[in-house]
file entry-v1.txt (compact mmCIF, C-alpha atoms)
# COMPACT_ATOMS: atom_id res chain seq x y z
CA MET A 1 112.61 100.16 62.94
CA ILE A 2 110.88 103.20 64.42
CA GLU A 3 112.12 104.44 67.77
CA TRP A 4 111.55 107.37 70.11
CA ARG A 5 112.37 108.31 73.68
CA ASP A 6 110.39 110.48 76.08
CA GLN A 7 109.29 110.80 79.67
CA GLY A 8 105.75 110.00 80.70
CA ILE A 9 103.15 109.42 83.39
CA LEU A 10 102.07 105.81 83.74
CA LEU A 11 98.27 105.73 83.52
CA GLY A 12 97.58 102.02 83.69
CA THR A 13 99.02 98.53 83.44
CA ARG A 14 97.48 95.25 82.47
CA ARG A 15 99.05 91.85 82.35
CA HIS A 16 99.94 90.43 78.93
CA GLY A 17 100.68 86.71 78.93
CA GLU A 18 102.65 85.34 81.83
CA THR A 19 105.55 87.73 82.00
CA SER A 20 104.74 90.88 80.05
CA ALA A 21 102.51 93.89 80.62
CA ILE A 22 100.74 96.37 78.37
CA ILE A 23 101.09 99.88 79.74
CA GLU A 24 99.37 103.14 78.87
CA VAL A 25 101.36 106.32 79.34
CA LEU A 26 100.87 110.04 78.78
CA THR A 27 103.92 111.66 77.24
CA GLU A 28 104.61 115.23 76.22
CA THR A 29 105.25 114.65 72.52
CA ARG A 30 103.24 111.49 71.79
CA GLY A 31 100.22 111.96 74.05
CA LEU A 32 98.41 108.85 75.24
CA HIS A 33 100.42 105.86 74.04
CA ALA A 34 100.32 102.13 74.75
CA GLY A 35 103.00 99.48 74.39
CA ILE A 36 104.27 96.18 75.71
CA VAL A 37 106.87 95.94 78.44
CA ARG A 38 108.66 92.60 78.24
CA GLY A 39 109.07 91.24 81.77
CA GLY A 40 106.62 93.90 82.97
CA ALA A 41 104.64 91.40 85.04
CA GLY A 42 107.76 90.26 86.87
CA ARG A 43 108.82 90.99 90.43
CA ARG A 44 111.57 93.41 89.43
CA MET A 45 109.36 95.67 87.33
CA ALA A 46 106.19 95.56 89.45
CA PRO A 47 107.22 98.44 91.78
CA VAL A 48 108.23 100.56 88.78
CA LEU A 49 105.01 99.98 86.85
CA GLN A 50 102.64 101.41 89.42
CA PRO A 51 100.08 103.87 88.01
CA GLY A 52 101.04 107.49 88.57
CA ALA A 53 104.78 106.83 88.29
CA GLN A 54 106.96 109.15 86.25
CA ILE A 55 108.99 106.97 83.91
CA ASP A 56 111.57 107.28 81.18
CA LEU A 57 110.42 105.47 78.03
CA SER A 58 112.06 104.12 74.91
CA TRP A 59 109.53 102.88 72.35
CA LYS A 60 110.39 100.64 69.45
CA ALA A 61 108.27 99.09 66.68
CA ARG A 62 108.69 97.90 63.12
CA LEU A 63 105.80 100.04 61.86
CA GLU A 64 104.32 103.25 63.26
CA ASP A 65 100.86 101.73 63.84
CA HIS A 66 102.17 98.67 65.69
CA LEU A 67 101.66 98.41 69.44
CA GLY A 68 105.43 98.29 69.90
CA THR A 69 107.55 97.61 72.96
CA PHE A 70 108.65 99.96 75.73
CA SER A 71 111.86 99.90 77.69
CA VAL A 72 111.13 101.57 81.01
CA GLU A 73 113.34 103.24 83.61
CA PRO A 74 111.91 104.76 86.79
CA VAL A 75 112.20 108.53 87.25
CA ARG A 76 109.91 109.22 90.19
CA SER A 77 107.59 106.92 92.11
CA ARG A 78 104.33 108.29 93.46
CA THR A 79 103.46 105.30 95.63
CA SER A 80 103.60 107.48 98.75
CA VAL A 81 99.93 108.30 98.07
CA LEU A 82 98.91 104.65 98.61
CA SER A 83 98.42 105.05 102.35
CA ASP A 84 96.25 108.18 102.11
CA ARG A 85 92.63 107.56 101.09
CA LEU A 86 91.95 111.01 99.68
CA LEU A 87 95.25 111.32 97.83
CA LEU A 88 94.90 107.87 96.30
CA ALA A 89 91.34 108.64 95.22
CA GLY A 90 92.51 111.96 93.72
CA MET A 91 95.31 110.30 91.79
CA ALA A 92 93.00 107.53 90.56
CA SER A 93 90.56 110.17 89.35
CA VAL A 94 93.28 112.06 87.44
CA LEU A 95 94.61 108.91 85.78
CA SER A 96 91.14 107.58 84.92
CA LEU A 97 89.99 110.87 83.40
CA LEU A 98 93.13 111.13 81.27
CA ARG A 99 92.71 107.58 80.01
CA PHE A 100 89.01 108.12 79.44
CA SER A 101 89.14 111.40 77.60
CA LEU A 102 92.32 111.52 75.53
CA PRO A 103 92.60 110.09 72.04
CA GLU A 104 95.59 107.86 71.41
CA ARG A 105 98.80 109.24 69.96
CA GLU A 106 97.76 112.89 69.93
CA ALA A 107 100.07 115.26 71.77
CA HIS A 108 98.61 117.45 74.53
CA PRO A 109 101.78 118.99 75.95
CA ALA A 110 100.06 121.57 78.17
CA LEU A 111 97.87 118.88 79.72
CA TYR A 112 100.87 116.61 80.21
CA HIS A 113 102.77 119.34 82.08
CA GLY A 114 99.67 120.29 84.06
CA SER A 115 99.10 116.67 85.06
CA THR A 116 102.72 116.22 86.11
CA ARG A 117 102.54 119.40 88.21
CA LEU A 118 99.31 118.23 89.85
CA LEU A 119 100.67 114.79 90.72
CA ASP A 120 103.75 116.43 92.24
CA LEU A 121 101.49 118.82 94.17
CA PHE A 122 99.99 115.84 96.03
CA GLN A 123 102.75 116.30 98.61
CA HIS A 124 101.03 119.52 99.74
CA PRO A 125 97.78 118.45 101.42
CA ASP A 126 96.31 121.98 101.63
CA LEU A 127 96.94 122.99 98.05
CA TRP A 128 96.24 120.02 95.84
CA PRO A 129 92.39 119.90 95.94
CA LEU A 130 92.30 123.40 94.44
CA GLY A 131 95.03 122.32 92.02
CA TYR A 132 92.85 119.36 91.05
CA LEU A 133 89.92 121.67 90.27
CA ARG A 134 92.14 123.84 88.06
CA TRP A 135 93.41 120.70 86.36
CA GLU A 136 89.83 119.63 85.47
CA MET A 137 89.26 123.11 83.99
CA ASP A 138 92.47 122.71 81.96
CA LEU A 139 91.36 119.25 80.83
CA LEU A 140 88.05 120.66 79.55
CA ASP A 141 89.88 123.55 77.92
CA ASP A 142 92.40 121.29 76.21
CA LEU A 143 89.65 119.10 74.77
CA GLY A 144 87.57 121.99 73.45
CA PHE A 145 84.99 122.29 76.23
CA GLY A 146 86.65 125.08 78.20
CA LEU A 147 84.73 127.55 80.33
CA ASP A 148 84.81 131.20 79.27
CA LEU A 149 84.79 133.18 82.50
CA SER A 150 86.26 136.39 81.10
CA ALA A 151 83.06 138.48 80.82
CA CYS A 152 79.29 138.30 81.08
CA ALA A 153 77.96 136.51 77.99
CA VAL A 154 74.76 138.63 78.02
CA LEU A 155 76.02 142.11 78.80
CA GLY A 156 79.60 141.76 77.64
CA THR A 157 80.81 143.54 80.74
CA ASN A 158 82.98 142.55 83.69
CA GLU A 159 80.21 142.92 86.23
CA PRO A 160 80.50 140.44 89.11
CA LEU A 161 79.99 137.06 87.46
CA SER A 162 77.57 134.75 89.26
CA TYR A 163 76.54 131.96 86.89
CA VAL A 164 77.75 129.70 84.10
CA SER A 165 75.62 128.68 81.16
CA PRO A 166 75.27 124.86 81.29
CA ARG A 167 75.12 124.81 77.49
CA THR A 168 77.92 127.16 76.37
CA GLY A 169 80.18 127.28 79.45
CA ARG A 170 80.19 131.09 79.35
CA ALA A 171 79.90 133.18 82.50
CA VAL A 172 76.83 135.32 83.19
CA SER A 173 76.42 138.15 85.70
CA ALA A 174 73.47 138.33 88.10
CA LEU A 175 72.12 141.29 86.18
CA GLY A 176 72.52 139.54 82.84
CA ALA A 177 70.90 136.35 84.11
CA GLY A 178 67.65 138.03 85.14
CA ASP A 179 64.77 135.54 85.16
CA TRP A 180 67.00 132.82 83.70
CA ALA A 181 69.09 132.52 86.84
CA ASP A 182 67.46 129.28 87.98
CA ARG A 183 68.43 127.60 84.71
CA LEU A 184 72.11 128.49 85.09
CA LEU A 185 74.84 126.86 87.17
CA PRO A 186 76.07 128.88 90.15
CA LEU A 187 79.63 130.08 89.54
CA PRO A 188 81.79 129.38 92.61
CA ASP A 189 84.64 131.74 93.53
CA ALA A 190 87.17 128.92 93.24
CA LEU A 191 86.66 128.81 89.45
CA LEU A 192 87.42 132.51 89.21
CA GLY A 193 90.61 132.21 91.23
CA ARG A 194 89.01 134.01 94.17
CA GLY A 195 87.86 132.97 97.63
CA THR A 196 89.68 130.85 100.17
CA GLY A 197 89.90 127.69 98.06
CA ASP A 198 88.63 125.59 100.93
CA THR A 199 87.08 122.15 100.47
CA GLN A 200 83.50 123.43 100.13
CA GLU A 201 84.50 125.89 97.41
CA VAL A 202 86.45 123.20 95.58
CA LEU A 203 83.44 120.87 95.76
CA ALA A 204 81.22 123.61 94.36
CA GLY A 205 83.70 124.06 91.51
CA LEU A 206 83.80 120.31 90.87
CA ARG A 207 80.01 120.28 90.50
CA VAL A 208 80.39 122.74 87.61
CA THR A 209 83.30 120.93 85.93
CA GLY A 210 81.46 117.65 86.55
CA HIS A 211 78.50 118.98 84.56
CA PHE A 212 80.69 119.74 81.55
CA LEU A 213 82.65 116.51 81.86
CA THR A 214 79.44 114.48 81.95
CA HIS A 215 77.14 116.34 79.57
CA HIS A 216 79.65 117.64 77.05
CA LEU A 217 82.91 115.67 77.08
CA ALA A 218 81.57 112.20 77.94
CA ALA A 219 78.31 112.53 76.05
CA GLY A 220 79.97 113.95 72.96
CA MET A 221 82.94 111.65 72.71
CA VAL A 222 82.07 108.09 73.59
CA GLN A 223 78.60 108.05 75.14
CA LYS A 224 80.00 106.42 78.26
CA PRO A 225 79.60 107.46 81.88
CA LEU A 226 82.54 109.21 83.52
CA PRO A 227 84.97 106.88 85.31
CA GLU A 228 83.71 105.77 88.72
CA ALA A 229 87.04 106.92 90.20
CA ARG A 230 85.98 110.58 89.94
CA ALA A 231 82.76 109.98 91.88
CA ARG A 232 84.71 108.07 94.55
CA PHE A 233 87.17 110.96 94.86
CA ILE A 234 84.36 113.49 95.29
CA ASP A 235 82.70 111.26 97.91
CA ARG A 236 85.93 111.24 99.89
CA LEU A 237 86.41 114.98 99.51
CA GLU A 238 82.85 115.54 100.74
CA ALA A 239 83.53 113.27 103.71
CA LYS A 240 86.65 115.31 104.50
CA GLY A 241 84.78 118.58 104.11
CA GLY A 242 82.28 117.23 106.58
CA MET B 1 104.09 66.32 66.77
CA SER B 2 103.62 62.92 68.42
CA SER B 3 102.38 59.74 66.82
CA THR B 4 98.78 59.92 68.08
CA SER B 5 96.14 62.62 68.29
CA GLU B 6 95.32 61.77 71.93
CA ILE B 7 98.86 62.56 73.00
CA ASP B 8 98.86 65.71 70.87
CA ALA B 9 95.65 66.78 72.57
CA LEU B 10 97.26 66.21 75.97
CA ILE B 11 100.30 68.24 74.95
CA ASP B 12 98.05 71.07 73.73
CA LEU B 13 96.22 71.14 77.04
CA MET B 14 99.42 71.01 79.10
CA ALA B 15 100.88 73.85 77.04
CA ARG B 16 98.07 76.10 78.26
CA LEU B 17 99.16 75.75 81.89
CA PRO B 18 101.00 78.67 83.54
CA GLY B 19 104.75 78.30 83.20
CA LEU B 20 104.55 75.77 80.38
CA GLY B 21 104.92 76.26 76.65
CA PRO B 22 104.66 73.72 73.81
CA ARG B 23 108.22 72.48 74.29
CA SER B 24 108.03 72.05 78.06
CA ALA B 25 104.55 70.51 77.70
CA ARG B 26 105.99 67.88 75.34
CA ARG B 27 108.75 67.08 77.83
CA ALA B 28 106.24 66.82 80.69
CA VAL B 29 103.91 64.55 78.72
CA LEU B 30 106.79 62.32 77.65
CA HIS B 31 107.90 62.08 81.27
CA LEU B 32 104.37 61.19 82.38
CA ILE B 33 104.06 58.49 79.74
CA ARG B 34 107.36 56.96 80.77
CA GLN B 35 106.23 57.03 84.42
CA ARG B 36 102.73 55.80 83.62
CA GLY B 37 102.11 53.71 86.70
CA ARG B 38 103.93 55.93 89.19
CA LEU B 39 102.78 59.35 87.92
CA LEU B 40 100.36 59.42 85.00
CA GLN B 41 97.63 57.20 86.41
CA PRO B 42 97.63 58.71 89.94
CA LEU B 43 97.71 62.19 88.38
CA ALA B 44 94.78 61.38 86.11
CA GLY B 45 92.84 59.97 89.06
CA ALA B 46 93.60 62.98 91.26
CA MET B 47 92.64 65.41 88.49
CA ALA B 48 89.37 63.61 87.81
CA GLU B 49 88.53 63.72 91.50
CA VAL B 50 89.36 67.42 91.84
CA ALA B 51 87.45 68.21 88.64
CA GLU B 52 84.40 66.55 90.16
CA LYS B 53 84.66 67.89 93.71
CA ALA B 54 86.43 71.29 93.61
CA ARG B 55 84.21 74.24 94.42
CA GLU B 56 84.30 77.69 95.97
CA CYS B 57 83.55 77.95 99.67
CA LEU B 58 80.16 79.62 99.99
CA ASN B 59 81.36 81.50 103.05
CA CYS B 60 84.84 82.80 102.28
CA GLY B 61 85.52 82.10 98.59
CA ASN B 62 88.42 79.71 99.26
CA VAL B 63 88.73 76.70 96.98
CA GLY B 64 87.92 73.33 98.57
CA THR B 65 86.04 70.14 97.98
CA SER B 66 82.97 70.96 100.05
CA ASP B 67 80.47 73.81 100.16
CA ILE B 68 82.12 75.20 103.31
CA CYS B 69 85.91 74.93 103.35
CA ASP B 70 88.04 73.33 106.10
CA ILE B 71 89.17 76.70 107.45
CA CYS B 72 85.60 77.96 107.86
CA THR B 73 84.48 74.76 109.62
CA ASP B 74 87.49 74.70 111.97
CA GLU B 75 86.13 76.06 115.28
CA THR B 76 89.64 76.74 116.60
CA ARG B 77 89.98 79.41 113.91
CA ALA B 78 86.93 81.34 115.03
CA ASN B 79 89.08 83.85 116.93
CA GLY B 80 87.21 86.95 115.79
CA GLN B 81 89.70 87.86 113.08
CA ILE B 82 89.06 87.86 109.33
CA CYS B 83 91.95 88.33 106.94
CA VAL B 84 90.78 89.79 103.61
CA VAL B 85 92.82 88.72 100.58
CA GLU B 86 92.48 89.36 96.88
CA ASP B 87 92.84 85.86 95.55
CA VAL B 88 92.99 82.21 96.65
CA ALA B 89 96.73 82.23 95.84
CA ASP B 90 97.16 84.97 98.48
CA LEU B 91 95.24 82.85 101.00
CA TRP B 92 97.54 79.94 100.30
CA ALA B 93 100.58 82.23 100.71
CA MET B 94 99.29 83.38 104.12
CA GLU B 95 98.68 79.77 105.14
CA ARG B 96 102.22 78.81 104.11
CA GLY B 97 103.50 81.46 106.51
CA GLY B 98 101.48 79.81 109.29
CA ALA B 99 101.37 83.06 111.29
CA PHE B 100 97.63 83.70 111.02
CA ARG B 101 95.17 81.50 112.88
CA GLY B 102 91.88 83.21 112.06
CA ARG B 103 89.58 82.94 109.06
CA TYR B 104 89.82 84.43 105.60
CA HIS B 105 87.71 86.23 103.07
CA VAL B 106 88.68 86.04 99.39
CA LEU B 107 87.46 89.06 97.39
CA GLY B 108 88.10 87.52 93.97
CA GLY B 109 89.92 90.59 92.61
CA THR B 110 90.31 94.31 93.25
CA LEU B 111 88.44 97.41 92.21
CA SER B 112 89.80 98.50 88.86
CA ALA B 113 88.78 101.49 86.80
CA LEU B 114 90.67 100.12 83.79
CA ASP B 115 88.90 96.77 83.81
CA ALA B 116 85.58 98.25 84.99
CA VAL B 117 85.53 96.12 88.13
CA GLY B 118 83.20 97.68 90.71
CA PRO B 119 82.37 96.70 94.32
CA GLU B 120 79.40 94.60 93.21
CA ASP B 121 81.73 92.44 91.08
CA LEU B 122 83.70 91.42 94.16
CA ARG B 123 82.71 89.54 97.33
CA ILE B 124 82.49 92.78 99.33
CA PRO B 125 78.74 92.51 100.17
CA LYS B 126 79.39 89.01 101.55
CA LEU B 127 82.20 90.39 103.72
CA MET B 128 79.81 92.98 105.18
CA ASP B 129 77.34 90.18 105.95
CA ARG B 130 80.02 88.08 107.64
CA VAL B 131 81.15 90.94 109.87
CA THR B 132 77.57 91.23 111.07
CA ALA B 133 76.76 87.52 111.30
CA GLU B 134 80.00 86.21 112.83
CA THR B 135 81.46 87.68 116.03
CA ILE B 136 84.26 89.64 114.38
CA SER B 137 86.56 91.89 116.38
CA GLU B 138 89.16 92.69 113.70
CA VAL B 139 89.36 92.73 109.92
CA ILE B 140 92.90 92.53 108.54
CA LEU B 141 93.21 93.91 105.02
CA ALA B 142 95.98 91.85 103.41
CA LEU B 143 95.66 93.34 99.94
CA ASN B 144 98.47 93.94 97.50
CA ALA B 145 100.50 97.16 97.83
CA THR B 146 99.36 98.35 94.41
CA VAL B 147 97.10 101.24 93.41
CA ASP B 148 94.16 98.89 92.80
CA GLY B 149 94.86 96.85 95.95
CA GLN B 150 95.02 99.89 98.20
CA THR B 151 92.01 101.55 96.51
CA THR B 152 90.06 98.41 97.40
CA ALA B 153 91.42 98.42 100.95
CA HIS B 154 90.34 102.05 101.45
CA TYR B 155 86.91 101.30 99.99
CA ILE B 156 86.37 98.44 102.45
CA ALA B 157 87.79 100.50 105.33
CA ASP B 158 85.28 103.29 104.59
CA ARG B 159 82.42 100.83 104.99
CA LEU B 160 83.70 98.96 108.02
CA GLU B 161 85.59 101.46 110.17
CA SER B 162 82.62 102.32 112.37
CA ARG B 163 81.75 98.67 112.95
CA VAL B 164 84.98 96.79 113.64
CA ALA B 165 88.73 97.25 114.26
CA LEU B 166 90.66 97.45 111.00
CA SER B 167 94.31 96.83 110.25
CA SER B 168 96.47 96.25 107.19
CA LEU B 169 99.74 94.49 106.50
CA ALA B 170 102.91 96.52 107.07
CA GLN B 171 104.88 97.75 104.07
CA GLY B 172 108.66 97.93 103.96
CA VAL B 173 111.91 96.05 103.55
CA PRO B 174 111.40 92.32 102.84
CA ILE B 175 113.44 89.77 104.76
CA GLY B 176 116.71 89.36 102.91
CA GLY B 177 116.14 92.61 101.03
CA GLU B 178 119.00 95.03 100.40
CA LEU B 179 118.25 98.75 100.46
CA ASP B 180 120.33 99.38 97.36
CA TYR B 181 117.99 97.19 95.31
CA LEU B 182 114.70 98.52 96.66
CA ASP B 183 112.55 101.00 94.75
CA ASP B 184 112.12 104.45 96.28
CA GLY B 185 108.41 103.87 97.06
CA THR B 186 109.24 100.86 99.24
CA ILE B 187 112.04 102.73 100.99
CA SER B 188 109.80 105.69 101.78
CA ALA B 189 107.03 103.33 103.04
CA ALA B 190 109.57 101.53 105.22
CA LEU B 191 110.85 104.81 106.61
CA SER B 192 107.33 106.03 107.39
CA ALA B 193 106.57 102.75 109.20
CA ARG B 194 109.88 102.65 111.11
CA LYS B 195 109.71 101.27 114.65
CA ARG B 196 111.57 102.11 117.80
CA LEU B 197 114.16 99.53 118.88
call {"tool": "encode", "arguments": {"input": "entry-v1.txt", "output": "structure tokens"}}
result
Amino acid sequence: MIEWRDQGILLGTRRHGETSAIIEVLTETRGLHAGIVRGGAGRRMAPVLQPGAQIDLSWKARLEDHLGTFSVEPVRSRTSVLSDRLLLAGMASVLSLLRFSLPEREAHPALYHGSTRLLDLFQHPDLWPLGYLRWEMDLLDDLGFGLDLSACAVLGTNEPLSYVSPRTGRAVSALGAGDWADRLLPLPDALLGRGTGDTQEVLAGLRVTGHFLTHHLAAGMVQKPLPEARARFIDRLEAKGG
Amino acid sequence: MSSTSEIDALIDLMARLPGLGPRSARRAVLHLIRQRGRLLQPLAGAMAEVAEKARECLNCGNVGTSDICDICTDETRANGQICVVEDVADLWAMERGGAFRGRYHVLGGTLSALDAVGPEDLRIPKLMDRVTAETISEVILALNATVDGQTTAHYIADRLESRVALSSLAQGVPIGGELDYLDDGTISAALSARKRL
């Protein structure tokens, strides 16, 4: 019998038979992992198995490639976001993107810790949208589509950077862009860790990360559109930003 | 294994019902056969009738035996309130409580990123039509207190908040519930929704 124990973020639950549930979790050492929770569809476990929850997991299976069964203990519930439209949309976007983009059973410890920090940041209404933007940059970085904003890709200098190449993800200065400027993506201050980090700046940053999520990550991996939850989150953020 | 294939077929079908397995299906079928006149024949007749007549209400999505269900045709329930529920089972639960005297709207599910269920897969467009066509003063969102349920509630609220009064069911300590046994999410929701005595 193969067994391990870890903590994880619950990404999704679906009913399995009458009483059980199949859950998907993101853990530090095992990455995205699925398993059955016996009694997971019951009344006692339903509040624990809400997406976004931090849970303690014990996994057991006869063979490594079996689906296996989880024993679950609650660590931290994040159901306080349920009553807030923007927070709930933000959390749904995070969970959907993780489930969409990560391969199964491949550890991404930095992304796991970043995701946990972001979900905990949801208690700070002024900070988390900027934290969300940084998290999308980390997601791209972790999966090999990171933006290189260290220097101008054309001149190699640290002149004020104004654009991002939609193809390579490298930053370009206004001088380096020259006549090509209209073919490049504008580089918002929020991506450089500058500016006020207000909603409009975050939205501008999300347009850039959205380009790379759609045209590089999604197109390259599974040829599927990005999860609808991300678009719904951006709609809500735009409505908030007025 | 019974002595005839017809009975085996009945056991197989019964075993597919929620809450029944092969063993309990065998017990139920044996009981029905022993009570043939009192149970089996009336049950068969009732099932045949329901199989022929049962249909979804074209207005609200409730299950009934006519195109428009009894609740939708009852004029005393046209009080300007629509209670939106996820499933027919939720409608029946509300009716058991007997506290609501308006009409219902059954969505037929919730938005779900995991199962790729979008707004067009639910009866949300029909709800928008009803709010316009019927004289509705309040829409009560009685959706489950889950991530998918509340995502759906917020989606509907976004589309209706400028047109009609919106409310949702309270969240908190259930009747007979003990704090020690409640999860922390329920306790924090109950605390947020506390009321002055």
call {"tool": "atom_distance", "arguments": {"input": "entry-v1.txt", "atom1": "CA of Trp4 in chain A", "atom2": "CA of Ser58 in chain A"}}
result
5.8 Å
call {"tool": "interface_residues", "arguments": {"input": "entry-v1.txt", "of": "chain A", "to": "chain B", "cutoff": "9 Å", "atoms": "all atoms listed in the file", "output": "PyMOL selection string"}}
result
chain A and resi 12-14+18+46-48+50-52+74+76-85+88-89+92+96+99+227-229+232
call {"tool": "atom_distance", "arguments": {"input": "entry-v1.txt", "atom1": "CA of Thr27 in chain A", "atom2": "CA of His66 in chain A"}}
result
17.5 Å
call {"tool": "atom_distance", "arguments": {"input": "entry-v1.txt", "atom1": "CA of Leu118 in chain A", "atom2": "CA of Pro186 in chain A"}}
result
25.6 Å
call {"tool": "closest_residue", "arguments": {"input": "entry-v1.txt", "among": "B:Arg103, B:Arg159, B:His31, B:Arg77", "to": "Pro119 in chain B", "atoms": "only C-alpha atoms"}}
result
B:Arg159
call {"tool": "residues_around", "arguments": {"input": "entry-v1.txt", "residues": "Thr199 in chain A", "least_positions_apart": "2", "cutoff": "9 Å", "atoms": "all atoms listed in the file", "output": "list in words"}}
result
Pro129, Leu130, Gly197, Glu201, Val202, Leu203, Ala204, Leu237, Glu238, Lys240 and Gly241 of chain A
call {"tool": "residues_around", "arguments": {"input": "entry-v1.txt", "residues": "Asn59 in chain B", "least_positions_apart": "2", "cutoff": "7 Å", "atoms": "all atoms listed in the file", "output": "MDAnalysis selection string"}}
result
chainID B and resid 57 61 68
call {"tool": "residues_around", "arguments": {"input": "entry-v1.txt", "residues": "Leu149 in chain A", "least_positions_apart": "3", "cutoff": "12 Å", "atoms": "only C-alpha atoms", "output": "PyMOL selection string"}}
result
chain A and resi 137+141+146+152-153+156-165+168-173+187-193
call {"tool": "residues_around", "arguments": {"input": "entry-v1.txt", "residues": "Ala107 in chain A", "least_positions_apart": "5", "cutoff": "10 Å", "atoms": "all atoms listed in the file", "output": "ChimeraX atom specification"}}
result
/A:26-33,102,112
call {"tool": "axis_aligned_box", "arguments": {"input": "entry-v1.txt", "around": "range 170-174 of chain B", "padding_each_side": "4 Å", "output": "JSON"}}
result
{"center_x": 107.4, "center_y": 95.1, "center_z": 105.0, "size_x": 17.0, "size_y": 13.6, "size_z": 12.2}
call {"tool": "residues_around", "arguments": {"input": "entry-v1.txt", "residues": "Glu86 in chain B", "least_positions_apart": "6", "cutoff": "7 Å", "atoms": "all atoms listed in the file", "output": "PyMOL selection string"}}
result
chain B and resi 106-110+143
call {"tool": "build_atoms", "arguments": {"input": "entry-v1.txt", "residues": "range 202-214 of chain A", "atoms": "N, CA and C atoms", "output": "PDB file, keeping the file's coordinate frame"}}
result
ATOM      1  N   VAL A 202      85.949 124.134  96.605  1.00  0.00           N
ATOM      2  CA  VAL A 202      86.450 123.200  95.580  1.00  0.00           C
ATOM      3  C   VAL A 202      85.331 122.263  95.139  1.00  0.00           C
ATOM      4  N   LEU A 203      84.556 121.776  96.100  1.00  0.00           N
ATOM      5  CA  LEU A 203      83.440 120.870  95.760  1.00  0.00           C
ATOM      6  C   LEU A 203      82.417 121.582  94.877  1.00  0.00           C
ATOM      7  N   ALA A 204      82.156 122.853  95.191  1.00  0.00           N
ATOM      8  CA  ALA A 204      81.220 123.610  94.360  1.00  0.00           C
ATOM      9  C   ALA A 204      81.768 123.745  92.937  1.00  0.00           C
ATOM     10  N   GLY A 205      83.069 123.978  92.826  1.00  0.00           N
ATOM     11  CA  GLY A 205      83.700 124.060  91.510  1.00  0.00           C
ATOM     12  C   GLY A 205      83.636 122.737  90.762  1.00  0.00           C
ATOM     13  N   LEU A 206      83.829 121.641  91.504  1.00  0.00           N
ATOM     14  CA  LEU A 206      83.800 120.310  90.870  1.00  0.00           C
ATOM     15  C   LEU A 206      82.399 119.950  90.376  1.00  0.00           C
ATOM     16  N   ARG A 207      81.372 120.520  91.016  1.00  0.00           N
ATOM     17  CA  ARG A 207      80.010 120.280  90.500  1.00  0.00           C
ATOM     18  C   ARG A 207      79.855 120.905  89.113  1.00  0.00           C
ATOM     19  N   VAL A 208      80.473 122.074  88.924  1.00  0.00           N
ATOM     20  CA  VAL A 208      80.390 122.740  87.610  1.00  0.00           C
ATOM     21  C   VAL A 208      81.217 121.974  86.574  1.00  0.00           C
ATOM     22  N   THR A 209      82.482 121.665  86.912  1.00  0.00           N
ATOM     23  CA  THR A 209      83.300 120.930  85.930  1.00  0.00           C
ATOM     24  C   THR A 209      82.695 119.554  85.675  1.00  0.00           C
ATOM     25  N   GLY A 210      82.099 118.961  86.718  1.00  0.00           N
ATOM     26  CA  GLY A 210      81.460 117.650  86.550  1.00  0.00           C
ATOM     27  C   GLY A 210      80.328 117.706  85.538  1.00  0.00           C
ATOM     28  N   HIS A 211      79.582 118.826  85.534  1.00  0.00           N
ATOM     29  CA  HIS A 211      78.500 118.980  84.560  1.00  0.00           C
ATOM     30  C   HIS A 211      79.058 118.935  83.143  1.00  0.00           C
ATOM     31  N   PHE A 212      80.145 119.672  82.918  1.00  0.00           N
ATOM     32  CA  PHE A 212      80.690 119.740  81.550  1.00  0.00           C
ATOM     33  C   PHE A 212      81.405 118.440  81.164  1.00  0.00           C
ATOM     34  N   LEU A 213      82.028 117.803  82.157  1.00  0.00           N
ATOM     35  CA  LEU A 213      82.650 116.510  81.860  1.00  0.00           C
ATOM     36  C   LEU A 213      81.588 115.480  81.467  1.00  0.00           C
ATOM     37  N   THR A 214      80.467 115.497  82.179  1.00  0.00           N
ATOM     38  CA  THR A 214      79.440 114.480  81.950  1.00  0.00           C
ATOM     39  C   THR A 214      78.615 114.797  80.692  1.00  0.00           C
TER      40      THR A 214
END
